[in-house]
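Inspection log for the structure reproduced underneath, given as structure tokens.
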Amino acid sequence: MTQRYFAEPYRFIGPEESTWFIDLFRHITPYYYPWALNLKRWSFPGLEHLKESYQKNAGILLCSNHQSGMDPLLLGKLAEASGRWIHFIASHHLFKEGEIIGEVIRRLGGYSIFRDGPDLMSVKKTIELLREGKRAVLVFPEGTYFKQNDRIGPFLEGTGLILRKALQKATRPIVIHLIAVKYWFLEDPMPSLRLKWSRLEKEWGLLDASLEDDLTRLEAILSKGIVRLLGKEAKTCLQPGRLGSGDFDTALGQMVAKHFEVKPISDGDTKGPTWSVIRKLRQGLIKDLVRTAGFPKEEEAIQEKLSMLLKWENVTSLSMGYVREKPTVERIWETFARLEEALTDCESTFPVPVEVVLSVSKGIDLSPKARPLDLDPQKEEFGSRLREKMQAHLDSITMKSPVVL
């Protein structure tokens, strides 16, 4: 499994200011994207809004939904089309996957953030870049990708704090642009998925489901996959037709409560109370992990608990309710791909060619005299209001869904 948590104290990694590496990298992407990512087409509706903010010499924060690990690369294509490169925030564990990977991220304009605790250096750097206004700064308020490409996941704290601080003594307008990233399949992915399902059904000893409809097969595979991830006690929440319901979240919450001796979790959706408790538990364990440096047995025990929590967090994204609500091929693939990633710890690649739409909203000027009444970074509800606006912007793209099975 890819290591995500480390005993040594976190150290901030700043971005490369020079753009020579990006200028070189952009000549590779027209060949790399179709070959490695199966990405054939991309478009940038609303790009003129971003160019307009550049003309106003504004400090620009790009707030994007996050569906895939490739999102930052594709937003780099948006930056190329706008005529100005961007900086972006990336989880610190990505910089530690290897010297080459970390250096590539840094030279592409990325800098680190510690997602599971306060990171004043990262916040300070973001504020500095916004006040300078030379390049836009990209953030993913969800913090990680949820593999649900037409829903905005829960937000981590931080975006409001960054904007409040950046607006203090700002000498230029501070503007937010909402970015809606949406992938569409250009070919039917179901034949490829059915082949994978048949192999798994044989490997896992499931009944021959070749004559079943696709949603029934997917639910059976998810149920079996979740048991493999979480153990036999997960069967209590896998009653037919209820996978991903509030009962599922409650049962998973009871497992968290049992293993970590926390208060049982009540009803909620698949990324509600349980997701929040898992994140808080992880933050506490990461602090404990730092204190175990030099004590291998203690460190190993905490790493095992963190690995368990990561599996549980991934499970909160596995919802048949999400698929049955709107059974598009995109939702079917996203849900299975999330299971596949949880089982293999590798990001799933698109099985057939795709196109991506990266839609840019009009700029939202957050200057005190210009900001919308319902989007004030000084107010507690700022995060929820921003999330609502991002969802509405994403909906405007998602509504163009070509086919529902």
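A note on labels: chains of the structure tokens are A, B, ... as shown, every chain counts residues from 1, and ligands are counted from 1 in their shown order.
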
Do you know which residues are at most 10 Å from Ile162 of chain A counting only C-alpha atoms, after dropping those on the same chain fewer than 5 positions away, and could you put them as a compact mmCIF listing (two decimals) with C-alpha atoms, in the first residue's frame?
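Result written to out.txt:
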# COMPACT_ATOMS: atom_id res chain seq x y z
CA LEU A 61 -8.38 31.45 -6.43
CA LEU A 120 0.29 27.59 8.56
CA SER A 122 0.88 26.39 3.23
CA VAL A 123 -1.82 28.89 4.18
CA LYS A 124 0.77 31.67 4.33
CA LYS A 125 2.15 30.74 0.89
CA THR A 126 -1.34 30.71 -0.65
CA ILE A 127 -2.10 34.15 0.79
CA GLU A 128 1.21 35.45 -0.54
CA LEU A 130 -3.03 35.62 -4.07
CA GLU A 157 -11.53 23.63 6.54
CA LEU A 167 -8.32 40.10 1.84
CA PRO A 377 -15.53 34.69 4.09

Extract the full set of strand (DSSP E or B) residues from segment 126-349 of chain A according to DSSP on the backbone, and format it as number ranges by chain. A: 136-139, 174-185

Write out as a compact mmCIF listing (two decimals) with C-alpha atoms, in the first residue's frame which residues come within 10 Å of Thr29 of chain A when counting only C-alpha atoms, dropping same-chain ones fewer than 6 positions away.
# COMPACT_ATOMS: atom_id res chain seq x y z
CA TRP A 35 -1.96 7.32 -24.45
CA ALA A 36 -1.78 7.17 -20.64
CA LEU A 73 -2.85 17.87 -14.94
CA LEU A 74 -6.03 18.68 -16.86
CA GLY A 76 -2.89 22.64 -16.32
CA LYS A 77 -4.36 22.45 -19.84

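For the pair atom CA of Asp23 of chain A and atom CA of Lys51 of chain A, the separation is 19.3 Å.
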
Could you write out, as JSON, numbers by chain, all the residues of segment 11-159 of chain A that DSSP marks as alpha helix (DSSP H)? {"A": [20, 21, 22, 23, 24, 25, 29, 30, 31, 32, 47, 48, 49, 50, 51, 52, 53, 54, 55, 71, 72, 73, 74, 75, 76, 77, 78, 79, 80, 81, 82, 92, 93, 94, 95, 99, 100, 101, 102, 103, 104, 105, 106, 107, 120, 121, 122, 123, 124, 125, 126, 127, 128, 129, 130, 131, 132, 159]}

Which residue out of A:Glu313, A:Glu298, A:Asp150, A:Glu8 has the minimum interatomic distance to Glu334 of chain A when only C-alpha atoms are used? A:Asp150

Nearest residue to Met121 of chain A out of A:Leu195, A:Leu207, A:Phe12, A:Glu233, using only C-alpha atoms? A:Phe12

Contacts of Leu178 of chain A at 7 Å or less, counting only C-alpha atoms, minus same-chain residues fewer than 6 places along, as a list in words? Leu62, Cys63, Ser64, Val360, Ser361 and Met390 of chain A

Test item: residues at most 10 Å from Leu129 of chain A, only C-alpha atoms, excluding those fewer than 4 positions along its chain, as a PyMOL selection string: chain A and resi 59-61+87+124-125+133-137+166

Restricting the output to N, CA and C atoms, write the selected residues as a CSV table (one decimal), in the first residue's frame.
chain,number,residue,atom,x,y,z
A,59,GLY,N,-6.0,38.9,-7.8
A,59,GLY,CA,-5.5,37.7,-7.2
A,59,GLY,C,-6.6,36.7,-7.4
A,60,ILE,N,-6.3,35.5,-7.9
A,60,ILE,CA,-7.3,34.5,-8.4
A,60,ILE,C,-7.2,33.2,-7.6
A,61,LEU,N,-8.3,32.8,-7.0
A,61,LEU,CA,-8.4,31.5,-6.4
A,61,LEU,C,-9.3,30.6,-7.3
A,87,HIS,N,-0.4,27.9,-9.9
A,87,HIS,CA,0.1,27.2,-8.7
A,87,HIS,C,-1.1,26.3,-8.2
A,124,LYS,N,0.0,30.4,4.5
A,124,LYS,CA,0.8,31.7,4.3
A,124,LYS,C,1.2,31.8,2.9
A,125,LYS,N,1.7,30.7,2.3
A,125,LYS,CA,2.1,30.7,0.9
A,125,LYS,C,1.0,31.0,-0.1
A,133,GLY,N,-0.7,38.1,-7.2
A,133,GLY,CA,-1.5,38.1,-8.4
A,133,GLY,C,-0.9,37.7,-9.7
A,134,LYS,N,0.4,37.1,-9.6
A,134,LYS,CA,1.1,36.7,-10.8
A,134,LYS,C,0.4,35.5,-11.5
A,135,ARG,N,0.1,34.5,-10.7
A,135,ARG,CA,-0.5,33.3,-11.2
A,135,ARG,C,-1.7,32.9,-10.3
A,136,ALA,N,-2.7,32.3,-10.9
A,136,ALA,CA,-3.9,31.9,-10.1
A,136,ALA,C,-3.4,30.7,-9.3
A,137,VAL,N,-4.2,30.5,-8.2
A,137,VAL,CA,-3.9,29.4,-7.3
A,137,VAL,C,-5.1,28.4,-7.3
A,166,ALA,N,-6.1,36.7,3.1
A,166,ALA,CA,-5.7,37.3,1.8
A,166,ALA,C,-6.4,38.7,1.6

Excluding same-chain residues fewer than 3 positions from segment 337-342 of chain A, what lies within 8 Å of it counting only C-alpha atoms, as number ranges by chain? A: 147, 222, 225-226, 229, 311, 314-315, 317-318, 333-334, 345-348

Can I get the selection written as a short mmCIF file (atom, residue, chain, number, x, y, z; two decimals), in the first residue's frame, with N, CA and C atoms?
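result.cif, freshly written:
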data_model
loop_
_atom_site.label_atom_id
_atom_site.label_comp_id
_atom_site.auth_asym_id
_atom_site.auth_seq_id
_atom_site.Cartn_x
_atom_site.Cartn_y
_atom_site.Cartn_z
N LYS A 147 -14.53 10.26 -6.34
CA LYS A 147 -15.00 9.41 -7.45
C LYS A 147 -16.50 9.52 -7.64
N LEU A 222 -20.10 -5.14 -5.13
CA LEU A 222 -19.77 -4.19 -4.07
C LEU A 222 -19.89 -4.83 -2.69
N GLY A 225 -16.99 -7.09 -2.20
CA GLY A 225 -15.76 -6.31 -2.08
C GLY A 225 -15.65 -5.62 -0.73
N ILE A 226 -16.76 -5.11 -0.22
CA ILE A 226 -16.75 -4.42 1.07
C ILE A 226 -16.43 -5.41 2.20
N LEU A 229 -12.85 -5.92 2.25
CA LEU A 229 -12.14 -4.76 2.80
C LEU A 229 -12.29 -4.66 4.31
N LYS A 311 -9.35 2.51 4.60
CA LYS A 311 -10.28 1.59 3.94
C LYS A 311 -11.72 1.98 4.25
N ASN A 314 -12.75 5.02 2.28
CA ASN A 314 -13.05 4.67 0.89
C ASN A 314 -14.43 4.03 0.77
N VAL A 315 -14.80 3.22 1.76
CA VAL A 315 -16.10 2.56 1.73
C VAL A 315 -17.23 3.56 1.79
N SER A 317 -17.60 6.04 0.15
CA SER A 317 -17.90 6.49 -1.21
C SER A 317 -18.60 5.42 -2.05
N LEU A 318 -18.79 4.24 -1.49
CA LEU A 318 -19.40 3.14 -2.23
C LEU A 318 -20.89 3.07 -1.93
N TRP A 333 -19.45 3.28 -13.55
CA TRP A 333 -18.00 3.10 -13.57
C TRP A 333 -17.33 3.72 -12.34
N GLU A 334 -17.73 4.92 -11.96
CA GLU A 334 -17.13 5.58 -10.80
C GLU A 334 -17.23 4.72 -9.55
N ASP A 345 -5.23 -0.28 -4.17
CA ASP A 345 -4.46 0.92 -3.82
C ASP A 345 -3.80 1.55 -5.05
N CYS A 346 -4.44 1.39 -6.19
CA CYS A 346 -3.97 2.02 -7.43
C CYS A 346 -5.16 2.72 -8.08
N GLU A 347 -4.94 3.89 -8.64
CA GLU A 347 -6.04 4.60 -9.27
C GLU A 347 -6.45 3.90 -10.56
N SER A 348 -7.75 3.75 -10.77
CA SER A 348 -8.27 3.10 -11.95
C SER A 348 -8.17 4.02 -13.15
#

For Gly153 of chain A: contacts at 9 Å, only C-alpha atoms, fewer than 2 positions along chain excluded, given as a VMD selection string: chain A and resid 65 to 66 141 to 142 144 to 146 148 151 155 271 387

File of the preceding selection, N, CA and C atoms, as a compact mmCIF listing (two decimals), in the first residue's frame:
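In the end it all went to out_30.txt:
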# COMPACT_ATOMS: atom_id res chain seq x y z
N ASN A 65 -13.98 21.05 -8.19
CA ASN A 65 -14.32 19.72 -7.69
C ASN A 65 -13.19 18.76 -8.03
N HIS A 66 -13.19 17.60 -7.38
CA HIS A 66 -12.04 16.69 -7.50
C HIS A 66 -12.54 15.27 -7.66
N PRO A 141 -11.32 22.20 -2.52
CA PRO A 141 -11.87 22.32 -1.16
C PRO A 141 -12.28 20.98 -0.55
N GLU A 142 -12.56 19.97 -1.38
CA GLU A 142 -12.91 18.65 -0.85
C GLU A 142 -11.71 17.96 -0.22
N THR A 144 -9.67 15.72 -1.12
CA THR A 144 -9.31 14.49 -1.81
C THR A 144 -10.42 14.19 -2.81
N TYR A 145 -10.19 13.23 -3.70
CA TYR A 145 -11.24 12.94 -4.67
C TYR A 145 -12.14 11.83 -4.16
N PHE A 146 -13.43 11.94 -4.52
CA PHE A 146 -14.43 11.01 -4.03
C PHE A 146 -14.98 10.09 -5.11
N GLN A 148 -17.04 10.69 -7.40
CA GLN A 148 -18.45 10.96 -7.71
C GLN A 148 -18.47 12.28 -8.48
N ARG A 151 -21.18 15.15 -8.00
CA ARG A 151 -21.50 15.60 -6.65
C ARG A 151 -20.29 16.25 -6.02
N PHE A 155 -16.42 19.51 2.46
CA PHE A 155 -15.24 20.38 2.41
C PHE A 155 -14.37 20.20 3.65
N LYS A 271 -21.45 10.20 3.20
CA LYS A 271 -20.27 10.99 3.53
C LYS A 271 -20.66 12.03 4.58
N ARG A 387 -19.85 25.64 -1.23
CA ARG A 387 -20.13 24.29 -1.71
C ARG A 387 -21.43 24.27 -2.53

If you count only C-alpha atoms, the residue of A:Ile174, A:Ser53, A:Ser18, A:Leu161 closest to Lys369 of chain A turns out to be A:Ile174

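Considering only C-alpha atoms, the residue among A:Phe114, A:Leu163, A:Leu200, A:Val175 positioned nearest to Glu52 of chain A is A:Val175.
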
For the atom pair atom CA of Pro72 of chain A and atom CA of Arg131 of chain A, what is the interatomic distance in Å to one decimal place?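 Separation of atom CA of Pro72 of chain A and atom CA of Arg131 of chain A: 22.1 Å.
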
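The smallest atom-to-atom distance between Ser319 of chain A and any of A:His49, A:Arg11, A:Arg385, A:Arg331, using only C-alpha atoms, is found for A:Arg331.
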
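Atom pair atom CA of Pro173 of chain A / atom CA of Gly383 of chain A has a distance of 20.1 Å (rounded to one decimal).
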
Per residue of segment 114-220 of chain A within 10 Å of segment 278-293 of chain A, what are the shortest atom pair and its distance in Å to one decimal, counting only C-alpha atoms, with rows by chain and residue number, as a Markdown table?
| residue | atom | partner | partner_atom | distance |
| --- | --- | --- | --- | --- |
| A:Arg115 | CA | A:Gln283 | CA | 9.0 |
| A:Asp116 | CA | A:Gln283 | CA | 5.3 |
| A:Gly117 | CA | A:Gln283 | CA | 6.5 |
| A:Leu156 | CA | A:Arg279 | CA | 9.9 |
